[in-house]
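Source file: protein06.cif; contents: mmCIF, C-alpha atoms.
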data_coords
loop_
_atom_site.label_atom_id
_atom_site.label_comp_id
_atom_site.auth_asym_id
_atom_site.auth_seq_id
_atom_site.Cartn_x
_atom_site.Cartn_y
_atom_site.Cartn_z
CA MET N 289 -33.77 37.11 -13.87
CA SER N 290 -31.41 38.80 -16.29
CA ASN N 291 -28.86 37.58 -18.83
CA LEU N 292 -27.45 40.99 -19.80
CA HIS N 293 -24.58 43.24 -18.72
CA PHE N 294 -21.87 40.72 -17.91
CA THR N 295 -18.45 42.24 -17.25
CA GLU N 296 -15.01 40.93 -18.17
CA GLN N 297 -14.56 40.00 -14.52
CA ASP N 298 -17.81 38.02 -14.62
CA GLU N 299 -16.54 36.11 -17.62
CA SER N 300 -13.19 35.45 -15.95
CA TYR N 301 -14.79 34.01 -12.81
CA MET N 302 -17.21 31.85 -14.82
CA ALA N 303 -14.28 30.55 -16.87
CA MET N 304 -12.67 29.53 -13.56
CA ALA N 305 -15.86 27.69 -12.59
CA ILE N 306 -15.89 25.85 -15.91
CA GLU N 307 -12.30 24.70 -15.42
CA LEU N 308 -13.19 23.49 -11.94
CA ALA N 309 -16.15 21.52 -13.33
CA LYS N 310 -13.83 19.59 -15.65
CA LYS N 311 -12.10 18.07 -12.62
CA GLY N 312 -15.12 15.83 -12.10
CA ARG N 313 -15.32 14.57 -15.68
CA PHE N 314 -14.23 11.01 -14.84
CA THR N 315 -16.43 10.53 -11.77
CA THR N 316 -19.62 12.61 -11.58
CA ALA N 317 -21.94 10.53 -13.77
CA PRO N 318 -24.87 10.08 -13.64
CA ASN N 319 -24.74 13.60 -12.23
CA PRO N 320 -23.52 16.55 -14.34
CA ASN N 321 -20.12 18.22 -14.10
CA VAL N 322 -20.50 21.46 -12.15
CA GLY N 323 -18.03 24.08 -10.92
CA CYS N 324 -18.61 27.02 -8.59
CA VAL N 325 -16.66 30.14 -7.60
CA ILE N 326 -17.68 32.62 -4.87
CA VAL N 327 -16.29 36.14 -5.09
CA ALA N 328 -16.38 38.94 -2.48
CA ASN N 329 -14.85 42.35 -3.21
CA ASN N 330 -13.14 40.97 -6.32
CA ILE N 331 -11.44 38.23 -4.31
CA VAL N 332 -12.19 34.52 -4.73
CA VAL N 333 -13.27 33.37 -1.27
CA GLY N 334 -14.65 29.97 -2.17
CA GLU N 335 -14.48 27.44 -4.97
CA GLY N 336 -15.50 23.85 -5.55
CA PHE N 337 -16.63 21.22 -8.01
CA HIS N 338 -18.87 18.19 -7.92
CA PHE N 339 -16.81 15.00 -7.75
CA LYS N 340 -19.24 12.11 -7.38
CA ALA N 341 -22.96 11.39 -7.10
CA GLY N 342 -24.01 11.30 -3.45
CA GLU N 343 -21.20 13.62 -2.40
CA PRO N 344 -21.56 17.41 -1.86
CA HIS N 345 -22.27 19.54 -4.91
CA ALA N 346 -19.97 22.28 -6.20
CA GLU N 347 -21.86 25.06 -4.40
CA VAL N 348 -21.60 23.26 -1.05
CA HIS N 349 -17.83 22.90 -1.37
CA ALA N 350 -17.48 26.57 -2.34
CA LEU N 351 -19.69 27.75 0.54
CA ALA N 352 -17.75 25.64 3.03
CA MET N 353 -14.54 27.32 1.88
CA ALA N 354 -16.05 30.82 1.92
CA GLU N 355 -17.74 30.48 5.31
CA THR N 356 -19.11 33.90 6.40
CA LYS N 357 -17.37 35.64 3.49
CA ALA N 358 -20.23 34.36 1.34
CA ILE N 359 -22.52 37.03 2.83
CA ASN N 360 -23.29 39.61 0.10
CA ALA N 361 -20.91 37.81 -2.26
CA THR N 362 -21.43 36.79 -5.89
CA CYS N 363 -21.66 33.12 -6.77
CA TYR N 364 -20.66 31.90 -10.25
CA VAL N 365 -21.94 28.42 -11.06
CA THR N 366 -21.89 26.50 -14.34
CA LEU N 367 -25.33 24.92 -13.90
CA GLU N 368 -28.50 26.12 -12.20
CA PRO N 369 -28.38 25.18 -8.49
CA CYS N 370 -30.58 22.19 -7.74
CA SER N 371 -33.94 22.73 -6.06
CA HIS N 372 -34.91 19.22 -4.98
CA PHE N 373 -33.94 16.74 -2.30
CA GLY N 374 -32.11 13.95 -4.10
CA ARG N 375 -28.93 12.27 -2.90
CA THR N 376 -28.08 15.65 -1.31
CA PRO N 377 -30.12 18.70 -0.13
CA PRO N 378 -30.97 21.56 -2.54
CA CYS N 379 -28.06 23.86 -3.35
CA ALA N 380 -30.42 26.77 -4.06
CA LEU N 381 -31.51 26.71 -0.41
CA ALA N 382 -27.88 26.51 0.75
CA LEU N 383 -27.06 29.67 -1.21
CA THR N 384 -30.01 31.57 0.24
CA LYS N 385 -29.06 30.56 3.78
CA ALA N 386 -25.46 31.62 3.18
CA GLY N 387 -26.59 35.15 2.34
CA VAL N 388 -25.14 35.54 -1.13
CA LYS N 389 -26.30 38.67 -2.92
CA ARG N 390 -25.96 37.67 -6.58
CA VAL N 391 -25.83 34.38 -8.48
CA VAL N 392 -24.53 34.15 -12.06
CA ILE N 393 -25.55 30.90 -13.78
CA ALA N 394 -24.11 29.66 -17.06
CA MET N 395 -27.15 27.58 -18.04
CA VAL N 396 -30.53 26.39 -16.82
CA ASP N 397 -30.60 22.78 -15.60
CA PRO N 398 -32.35 20.54 -18.19
CA ASN N 399 -33.35 18.11 -15.43
CA PRO N 400 -37.17 18.35 -15.20
CA LYS N 401 -36.84 18.18 -11.42
CA VAL N 402 -35.00 21.53 -11.51
CA ALA N 403 -35.53 23.40 -14.83
CA GLY N 404 -35.96 26.92 -13.41
CA ARG N 405 -37.08 25.97 -9.91
CA GLY N 406 -33.63 26.62 -8.48
CA ILE N 407 -33.66 30.10 -10.03
CA LYS N 408 -37.10 30.77 -8.54
CA ILE N 409 -35.92 29.82 -5.04
CA LEU N 410 -33.04 32.27 -5.35
CA GLU N 411 -35.19 35.10 -6.71
CA ASP N 412 -37.90 34.55 -4.10
CA ALA N 413 -35.18 35.06 -1.49
CA GLY N 414 -34.31 38.43 -3.02
CA ILE N 415 -31.10 37.28 -4.71
CA GLU N 416 -30.17 38.83 -8.04
CA VAL N 417 -29.91 36.08 -10.66
CA GLN N 418 -28.30 36.32 -14.10
CA VAL N 419 -28.26 33.46 -16.60
CA GLY N 420 -26.41 32.72 -19.84
CA LEU N 421 -22.77 33.64 -19.22
CA LEU N 422 -20.50 31.25 -21.21
CA GLU N 423 -23.54 29.05 -21.82
CA LYS N 424 -22.01 27.31 -24.83
CA GLU N 425 -18.92 26.32 -22.85
CA ALA N 426 -21.05 25.12 -19.93
CA ASN N 427 -23.26 23.10 -22.27
CA ALA N 428 -20.17 21.32 -23.63
CA LEU N 429 -19.38 20.05 -20.12
CA ASN N 430 -22.46 17.85 -20.01
CA LEU N 431 -23.57 16.86 -23.51
CA GLY N 432 -24.57 13.35 -22.44
CA PHE N 433 -26.41 14.47 -19.31
CA ILE N 434 -28.29 17.12 -21.26
CA LYS N 435 -29.35 14.63 -23.94
CA ARG N 436 -30.51 12.09 -21.36
CA MET N 437 -32.54 14.71 -19.52
CA LYS N 438 -34.22 15.82 -22.76
CA THR N 439 -34.67 12.49 -24.56
CA LYS N 440 -34.27 9.79 -21.88
CA THR N 441 -31.51 8.22 -23.97
CA ALA N 442 -27.72 8.40 -23.75
CA ARG N 443 -25.39 10.27 -26.07
CA ILE N 444 -23.75 7.87 -28.52
CA SER N 445 -20.11 8.11 -29.63
CA VAL N 446 -18.89 5.60 -32.21
CA LYS N 447 -15.16 4.96 -32.35
CA LEU N 448 -13.43 3.22 -35.25
CA ALA N 449 -9.84 2.87 -36.40
CA SER N 450 -8.67 2.37 -39.96
CA SER N 451 -5.92 2.72 -42.51
CA LEU N 452 -5.91 5.66 -44.91
CA ASP N 453 -7.77 3.51 -47.43
CA GLY N 454 -10.55 2.91 -44.90
CA LYS N 455 -9.75 -0.67 -43.86
CA THR N 456 -10.10 -2.00 -40.32
CA ALA N 457 -8.40 -5.35 -40.85
CA LEU N 458 -6.70 -7.43 -43.49
CA GLU N 459 -8.77 -9.93 -45.47
CA ASN N 460 -7.72 -12.67 -43.02
CA GLY N 461 -8.96 -10.61 -40.05
CA GLN N 462 -5.58 -9.50 -38.70
CA SER N 463 -5.83 -6.00 -37.27
CA GLN N 464 -3.34 -5.62 -34.38
CA TRP N 465 -2.18 -2.99 -34.54
CA ILE N 466 -3.44 -0.53 -37.13
CA THR N 467 -2.90 2.54 -35.00
CA GLY N 468 0.05 3.31 -32.76
CA PRO N 469 0.42 3.37 -28.96
CA GLN N 470 -0.42 7.08 -28.60
CA ALA N 471 -3.78 6.58 -30.33
CA ARG N 472 -4.56 3.64 -28.06
CA ILE N 473 -3.72 5.77 -25.01
CA ASP N 474 -6.10 8.41 -26.35
CA VAL N 475 -8.82 5.75 -26.53
CA GLN N 476 -8.28 5.01 -22.83
CA HIS N 477 -8.94 8.67 -22.09
CA TYR N 478 -12.21 8.59 -24.03
CA ARG N 479 -13.29 5.32 -22.42
CA ALA N 480 -12.77 6.88 -19.00
CA LEU N 481 -15.00 9.82 -19.95
CA HIS N 482 -17.90 7.51 -20.85
CA ASN N 483 -20.27 5.69 -18.53
CA ALA N 484 -20.58 2.62 -20.74
CA ILE N 485 -18.79 0.81 -23.56
CA LEU N 486 -20.97 -1.06 -26.06
CA THR N 487 -20.00 -3.74 -28.55
CA GLY N 488 -21.37 -6.85 -30.21
CA SER N 489 -20.76 -10.50 -29.44
CA GLY N 490 -18.90 -10.91 -32.75
CA THR N 491 -16.20 -8.49 -31.63
CA VAL N 492 -15.97 -10.15 -28.22
CA MET N 493 -15.62 -13.65 -29.70
CA SER N 494 -13.06 -12.64 -32.32
CA ASP N 495 -10.90 -10.27 -30.25
CA ASP N 496 -11.64 -11.29 -26.62
CA PRO N 497 -11.20 -7.65 -25.50
CA SER N 498 -11.17 -6.33 -21.95
CA LEU N 499 -13.20 -3.19 -22.81
CA ASN N 500 -12.07 -1.49 -19.62
CA VAL N 501 -9.98 1.53 -18.67
CA ARG N 502 -6.36 0.74 -17.92
CA PHE N 503 -5.21 3.36 -15.46
CA ALA N 504 -1.51 2.99 -16.28
CA GLU N 505 -2.28 3.95 -19.89
CA LEU N 506 -4.77 6.67 -18.92
CA GLN N 507 -2.00 8.34 -16.90
CA LYS N 508 0.10 8.61 -20.06
CA SER N 509 -2.52 10.70 -21.85
CA PRO N 510 -1.30 14.29 -22.31
CA VAL N 511 -4.81 15.54 -21.45
CA PHE N 512 -5.01 13.63 -18.17
CA ASN N 513 -4.35 16.05 -15.32
CA ASP N 514 -4.25 13.70 -12.32
CA GLU N 515 -7.91 14.39 -11.57
CA ILE N 516 -8.25 10.92 -10.04
CA ASN N 517 -6.08 8.18 -8.60
CA GLU N 518 -6.44 4.52 -9.47
CA SER N 519 -8.79 3.76 -6.57
CA GLN N 520 -11.16 6.49 -7.79
CA LEU N 521 -11.27 5.18 -11.36
CA ARG N 522 -14.82 4.43 -12.50
CA GLN N 523 -14.91 1.45 -14.84
CA PRO N 524 -17.57 1.93 -17.55
CA ILE N 525 -20.44 -0.53 -17.73
CA ARG N 526 -19.72 -3.00 -20.54
CA ILE N 527 -22.77 -3.64 -22.70
CA ILE N 528 -22.55 -6.66 -25.00
CA LEU N 529 -25.17 -7.21 -27.69
CA ASP N 530 -25.50 -10.99 -27.94
CA SER N 531 -28.82 -11.49 -29.73
CA HIS N 532 -28.72 -15.28 -29.82
CA ASN N 533 -26.62 -16.07 -26.72
CA LYS N 534 -23.46 -17.04 -28.61
CA LEU N 535 -21.01 -16.05 -25.88
CA THR N 536 -19.38 -18.94 -24.03
CA LEU N 537 -19.30 -16.98 -20.74
CA LYS N 538 -15.56 -17.74 -20.54
CA GLU N 539 -14.60 -14.43 -22.14
CA LYS N 540 -11.89 -12.27 -20.59
CA LEU N 541 -14.18 -9.31 -19.83
CA LEU N 542 -16.28 -11.47 -17.50
CA ASN N 543 -13.25 -12.02 -15.29
CA LEU N 544 -12.51 -8.34 -14.79
CA THR N 545 -14.13 -6.17 -12.14
CA GLY N 546 -17.08 -4.01 -13.13
CA LYS N 547 -20.60 -4.40 -14.40
CA VAL N 548 -21.43 -6.28 -17.61
CA ILE N 549 -24.86 -6.13 -19.24
CA LEU N 550 -25.61 -8.89 -21.74
CA VAL N 551 -28.39 -7.94 -24.14
CA SER N 552 -30.14 -10.85 -25.83
CA LEU N 553 -33.47 -11.73 -27.41
CA SER N 554 -34.03 -14.68 -25.06
CA PRO N 555 -32.87 -15.54 -21.53
CA ARG N 556 -30.03 -17.95 -20.90
CA ALA N 557 -30.34 -20.34 -17.96
CA ASP N 558 -26.59 -20.81 -17.47
CA LEU N 559 -26.23 -17.32 -15.98
CA GLU N 560 -27.63 -18.61 -12.69
CA LYS N 561 -24.61 -20.89 -12.26
CA LEU N 562 -22.06 -18.41 -13.57
CA HIS N 563 -19.16 -17.67 -11.23
CA CYS N 564 -16.98 -14.81 -12.42
CA VAL N 565 -15.37 -11.60 -11.22
CA ALA N 566 -17.69 -9.23 -13.10
CA ASP N 567 -21.18 -8.28 -11.97
CA VAL N 568 -23.13 -9.79 -14.87
CA GLU N 569 -26.74 -9.02 -15.69
CA GLN N 570 -28.83 -9.98 -18.70
CA ILE N 571 -31.61 -7.88 -20.17
CA ILE N 572 -33.96 -8.99 -22.89
CA GLY N 573 -34.05 -6.68 -25.86
CA LYS N 574 -36.84 -6.11 -28.35
CA ASP N 575 -36.66 -7.97 -31.67
CA ASP N 576 -36.44 -5.53 -34.58
CA GLY N 577 -38.35 -7.97 -36.80
CA HIS N 578 -35.18 -9.37 -38.38
CA GLY N 579 -33.83 -11.38 -35.46
CA ARG N 580 -31.69 -8.50 -34.23
CA ILE N 581 -31.85 -6.26 -31.18
CA ASP N 582 -33.85 -3.09 -31.75
CA LEU N 583 -31.27 -0.39 -30.99
CA ASN N 584 -33.79 2.42 -30.47
CA ALA N 585 -35.71 0.35 -27.92
CA LEU N 586 -32.46 -0.72 -26.25
CA LEU N 587 -31.35 2.87 -25.65
CA VAL N 588 -34.68 3.54 -23.94
CA GLN N 589 -34.19 0.42 -21.78
CA LEU N 590 -30.69 1.51 -20.79
CA ASN N 591 -32.03 4.80 -19.39
CA GLU N 592 -32.91 2.77 -16.30
CA TYR N 593 -29.18 2.64 -15.57
CA GLU N 594 -28.79 6.46 -15.76
CA ILE N 595 -26.12 6.24 -18.46
CA ASN N 596 -25.24 9.64 -19.90
CA ASP N 597 -22.63 8.65 -22.51
CA ILE N 598 -22.11 5.39 -24.41
CA TRP N 599 -18.85 4.65 -26.24
CA VAL N 600 -19.39 2.19 -29.10
CA GLU N 601 -16.38 0.07 -30.08
CA SER N 602 -17.66 -2.47 -32.55
CA GLY N 603 -17.30 -4.00 -35.96
CA ALA N 604 -18.48 -2.55 -39.24
CA LYS N 605 -21.92 -4.16 -39.08
CA LEU N 606 -23.03 -2.86 -35.68
CA ALA N 607 -21.44 0.55 -36.27
CA GLY N 608 -23.35 0.72 -39.55
CA GLU N 609 -26.62 0.00 -37.79
CA PHE N 610 -26.06 2.91 -35.41
CA PHE N 611 -25.42 5.18 -38.40
CA ASN N 612 -28.33 3.78 -40.42
CA GLN N 613 -30.75 4.44 -37.57
CA GLN N 614 -29.36 7.94 -37.02
CA LEU N 615 -28.35 7.17 -33.45
CA VAL N 616 -24.77 8.48 -33.64
CA ASP N 617 -24.11 11.82 -31.95
CA GLN N 618 -20.33 11.77 -32.36
CA PHE N 619 -18.00 9.79 -34.63
CA ILE N 620 -14.34 9.46 -33.65
CA LEU N 621 -12.08 7.96 -36.29
CA TYR N 622 -8.40 7.16 -35.79
CA GLN N 623 -6.54 6.79 -39.09
CA ALA N 624 -3.07 5.35 -39.48
CA PRO N 625 -0.76 6.25 -42.39
CA LYS N 626 -1.05 2.76 -43.85
CA LEU N 627 -2.62 1.23 -46.96
CA MET N 628 -4.11 -2.23 -46.43
CA GLY N 629 -5.43 -3.16 -49.86
CA ASP N 630 -8.78 -3.45 -51.55
CA ARG N 631 -9.55 -6.84 -49.99
CA GLY N 632 -9.24 -5.53 -46.46
CA ARG N 633 -12.30 -5.26 -44.24
CA ASN N 634 -14.34 -2.10 -44.62
CA LEU N 635 -14.73 0.58 -41.98
CA VAL N 636 -18.51 0.56 -41.67
CA ASN N 637 -21.34 -1.30 -43.41
CA LEU N 638 -23.78 1.15 -44.96
CA PRO N 639 -26.38 0.83 -47.73
CA ASN N 640 -25.40 1.25 -51.37
CA TYR N 641 -26.60 4.82 -51.82
CA SER N 642 -27.66 5.94 -55.30
CA LYS N 643 -28.00 9.66 -54.55
CA MET N 644 -25.63 12.01 -52.75
CA ASP N 645 -28.61 13.48 -50.92
CA ASP N 646 -28.98 10.15 -49.11
CA VAL N 647 -25.44 9.72 -47.78
CA VAL N 648 -24.60 10.15 -44.09
CA GLN N 649 -23.60 13.77 -43.57
CA LEU N 650 -21.46 14.70 -40.59
CA THR N 651 -19.98 17.98 -39.35
CA LEU N 652 -16.22 18.01 -38.92
CA LYS N 653 -15.28 19.29 -35.46
CA ASP N 654 -11.62 18.50 -34.97
CA VAL N 655 -8.60 16.91 -36.65
CA THR N 656 -5.61 16.23 -34.40
CA VAL N 657 -2.34 14.38 -34.89
CA ILE N 658 -2.01 11.68 -32.22
CA GLY N 659 1.45 10.16 -32.35
CA ASP N 660 1.86 8.78 -35.89
CA ASP N 661 -1.89 8.79 -36.53
CA ILE N 662 -4.70 11.31 -36.88
CA ARG N 663 -7.92 11.57 -34.90
CA ILE N 664 -10.96 12.94 -36.70
CA ILE N 665 -13.98 13.99 -34.64
CA SER N 666 -17.29 14.59 -36.41
CA ASP N 667 -20.77 15.25 -35.07
CA ARG N 668 -24.08 14.32 -36.61
CA ASP N 669 -25.88 17.22 -38.28
#
Please express what this file holds, its structure, as structure tokens.
Amino acid sequence: MSNLHFTEQDESYMAMAIELAKKGRFTTAPNPNVGCVIVANNIVVGEGFHFKAGEPHAEVHALAMAETKAINATCYVTLEPCSHFGRTPPCALALTKAGVKRVVIAMVDPNPKVAGRGIKILEDAGIEVQVGLLEKEANALNLGFIKRMKTKTARISVKLASSLDGKTALENGQSQWITGPQARIDVQHYRALHNAILTGSGTVMSDDPSLNVRFAELQKSPVFNDEINESQLRQPIRIILDSHNKLTLKEKLLNLTGKVILVSLSPRADLEKLHCVADVEQIIGKDDGHGRIDLNALLVQLNEYEINDIWVESGAKLAGEFFNQQLVDQFILYQAPKLMGDRGRNLVNLPNYSKMDDVVQLTLKDVTVIGDDIRIISDRD
């Protein structure tokens, strides 16, 4: 296995594979986004991407297009070909049977079931394997999947919206709307990218939100490229933290299609008689010792559902708990050019720090104007 001596052509073909992988970004979870390009005599003879778990992987689509032209060809793939029988057969074996001569891989698969085994199958078959081309770009395709494979917990993105003076609502609770329509369309795009949306019962009772993806608004996003149609839209799982079973079970989100997970500290008997549109399930969380749900333990529990990315849309208190416990991987803040006054509700509840060394430090990644507002993306150090 070698990771040296990549040519400009190699980089160009891998860049094509990365763009192909992005076409599955709304549908592949819990699987990773993967793209593949097969090249013979400097001509692309096959290409493909993984669209949905249980369906053929990127390499299989590319090989089907290439047919016999795959013999002695070079395969460019954004993630190490799988080596195990899961929902589909191993792609590493498919490549060996197709007779490819060389395989260029952007990054090793972090899945313990693969993690170098796919490379070994290829090399044992006499195929030249090179790894590491555009690895950073390939890694960015699957941040949630990679984290779940390494830590058995999902990647957490916290989204908040505020005025320029950091307020999320007026003193009386009025908050619709702080940001403009373009920012709200952008939120639909991010919701669609995530496998689950998490909030607290307080937000549900005060706002009665849908917490779903509205396809008509998603289509208006300038970064939506018609990758899916409405029938292919994957609604995120809605996770509601309701420690003491305060929800009435008449909330709007329970009468929309999709899965809802209620997280409480004790079971509620009325779920057995609940008739609603949503697929509702309750799980019992661990008490953190203060009558609240232990967030660290909850994220471990949720690994059972193979959730790669969780989008947190909550109030200041729950958002603050995610920050306090250092569980936030990405913070997305939409700010409107408004001033709401010193009695408005604060953005996030955090401790009263006495030293600058103790404050939450984030790394600024992007600042973009969205309509009349700005979107600030920061990552945890």
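Distances to Leu606 of chain N were evaluated for N:Asp567, N:Asp654, N:Glu560, N:Asp530 using only C-alpha atoms, and the minimum falls at N:Asp530.
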Hits of the PyMOL selection byres ((chain N and resi 311) around 12) in this structure, as a ChimeraX atom specification: /N:304-310,312-316,320-324,336-340,346,429,481,511-516
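Considering only C-alpha atoms, the residue among N:Thr384, N:Gln470, N:Gln476, N:Asn596 positioned nearest to Ala504 of chain N is N:Gln476.
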So what does the PyMOL selection byres ((chain N and resi 548) around 9) actually pick up in this one, as a PDB file with C-alpha atoms, in the frame of the given file?
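Result file part_33.pdb:
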ATOM      1  CA  ILE N 525     -20.440  -0.530 -17.730  1.00  0.00           C
ATOM      2  CA  ARG N 526     -19.720  -3.000 -20.540  1.00  0.00           C
ATOM      3  CA  ILE N 527     -22.770  -3.640 -22.700  1.00  0.00           C
ATOM      4  CA  ILE N 528     -22.550  -6.660 -25.000  1.00  0.00           C
ATOM      5  CA  LEU N 541     -14.180  -9.310 -19.830  1.00  0.00           C
ATOM      6  CA  LEU N 542     -16.280 -11.470 -17.500  1.00  0.00           C
ATOM      7  CA  GLY N 546     -17.080  -4.010 -13.130  1.00  0.00           C
ATOM      8  CA  LYS N 547     -20.600  -4.400 -14.400  1.00  0.00           C
ATOM      9  CA  ILE N 549     -24.860  -6.130 -19.240  1.00  0.00           C
ATOM     10  CA  LEU N 550     -25.610  -8.890 -21.740  1.00  0.00           C
ATOM     11  CA  ALA N 566     -17.690  -9.230 -13.100  1.00  0.00           C
ATOM     12  CA  ASP N 567     -21.180  -8.280 -11.970  1.00  0.00           C
ATOM     13  CA  VAL N 568     -23.130  -9.790 -14.870  1.00  0.00           C
ATOM     14  CA  GLU N 569     -26.740  -9.020 -15.690  1.00  0.00           C
ATOM     15  CA  GLN N 570     -28.830  -9.980 -18.700  1.00  0.00           C
TER      16      GLN N 570
END
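You will find atom CA of Arg436 of chain N at 22.4 Å from atom CA of Ser602 of chain N.
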Taking 2 positions as the minimum chain separation for residues in the same chain, which residues sit within 8 Å of Asn543 of chain N when counting all atoms listed in the file? Answer as a PyMOL selection string. chain N and resi 539-541+545+564-566
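Of the residues listed (N:Ala358, N:Ile485, N:Gly579, N:Gly632), N:Ile485 shows the shortest atom-to-atom separation from Arg443 of chain N; distances use all atoms listed in the file.
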Please compute the atom CA of Val475 of chain N-atom CA of Gly454 of chain N distance, one decimal, in Å. 18.7 Å
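Between atom CA of Met628 of chain N and atom CA of Glu609 of chain N there is a distance of 24.2 Å.
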Which of these residues is nearest to Val616 of chain N, using only C-alpha atoms: N:Val501, N:Met493, N:Ile444, N:Leu562? N:Ile444
Applying the PyMOL selection byres ((chain N and resi 495) around 12) to the file I just gave you, which residues come out? Please list them as JSON, numbers by chain. {"N": [457, 461, 462, 463, 464, 487, 488, 489, 490, 491, 492, 493, 494, 496, 497, 498, 499, 539, 540, 541, 601, 602, 603]}
Write to file, as a CSV table (one decimal), keeping the file's coordinate frame, the residues of the selection just made, with C-alpha atoms.
chain,number,residue,atom,x,y,z
N,457,ALA,CA,-8.4,-5.4,-40.8
N,461,GLY,CA,-9.0,-10.6,-40.0
N,462,GLN,CA,-5.6,-9.5,-38.7
N,463,SER,CA,-5.8,-6.0,-37.3
N,464,GLN,CA,-3.3,-5.6,-34.4
N,487,THR,CA,-20.0,-3.7,-28.6
N,488,GLY,CA,-21.4,-6.8,-30.2
N,489,SER,CA,-20.8,-10.5,-29.4
N,490,GLY,CA,-18.9,-10.9,-32.8
N,491,THR,CA,-16.2,-8.5,-31.6
N,492,VAL,CA,-16.0,-10.2,-28.2
N,493,MET,CA,-15.6,-13.6,-29.7
N,494,SER,CA,-13.1,-12.6,-32.3
N,496,ASP,CA,-11.6,-11.3,-26.6
N,497,PRO,CA,-11.2,-7.6,-25.5
N,498,SER,CA,-11.2,-6.3,-22.0
N,499,LEU,CA,-13.2,-3.2,-22.8
N,539,GLU,CA,-14.6,-14.4,-22.1
N,540,LYS,CA,-11.9,-12.3,-20.6
N,541,LEU,CA,-14.2,-9.3,-19.8
N,601,GLU,CA,-16.4,0.1,-30.1
N,602,SER,CA,-17.7,-2.5,-32.6
N,603,GLY,CA,-17.3,-4.0,-36.0
Contacts of Ile664 of chain N at 12 Å (only C-alpha atoms; same-chain gap of 5+ positions) as a list in words: Val446, Lys447, Leu448, Ala449, Ser450, Ala471, Gln618, Phe619, Ile620, Leu621, Tyr622, Gln623, Ala624, Leu650, Thr651, Leu652, Lys653, Asp654, Val655, Thr656, Val657 and Ile658 of chain N
Pick the closest to Glu299 of chain N from N:Ile407, N:Leu421, N:Ala380, N:Ala386: which is it, counting all atoms listed in the file? N:Leu421
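Nearest residue to Asp597 of chain N, choosing from N:Ala585, N:Leu486, N:Ala394, N:Val332 and counting all atoms listed in the file: N:Leu486.
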Can you tell me, as a PyMOL selection string, what residues are no more than 12 Å from Ala442 of chain N when counting all atoms listed in the file, ignoring any on the same chain fewer than 4 positions away? chain N and resi 317-318+430-438+482-486+583-584+586-600+615-618
Env of segment 643-648 of chain N: 12 Å cut, atoms = all atoms listed in the file, seq-sep filter 3 positions within chain, self excluded. Answer as a VMD selection string. chain N and resid 608 610 to 616 619 636 to 640 651 666 to 669
When you look at Pro555 of chain N with a cut-off of 9 Å (counting only C-alpha atoms), what residues show up, excluding the ones that are within fewer than 5 positions of it in the same chain? I need them as an NGL selection string. :N and (533 or 570-572)
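A cut-off of 8 Å from the point (-5.2, 1.4, -15.6), with all atoms listed in the file, picks out the residues Val501, Arg502, Phe503, Ala504, Glu505, Leu506, Gln507 and Glu518 of chain N.
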Anything within 9 Å of (-13.1, -4.1, -48.3): list those residues as a ChimeraX atom specification, counting all atoms listed in the file and sticking to the file's coordinates. /N:454-459,629-635
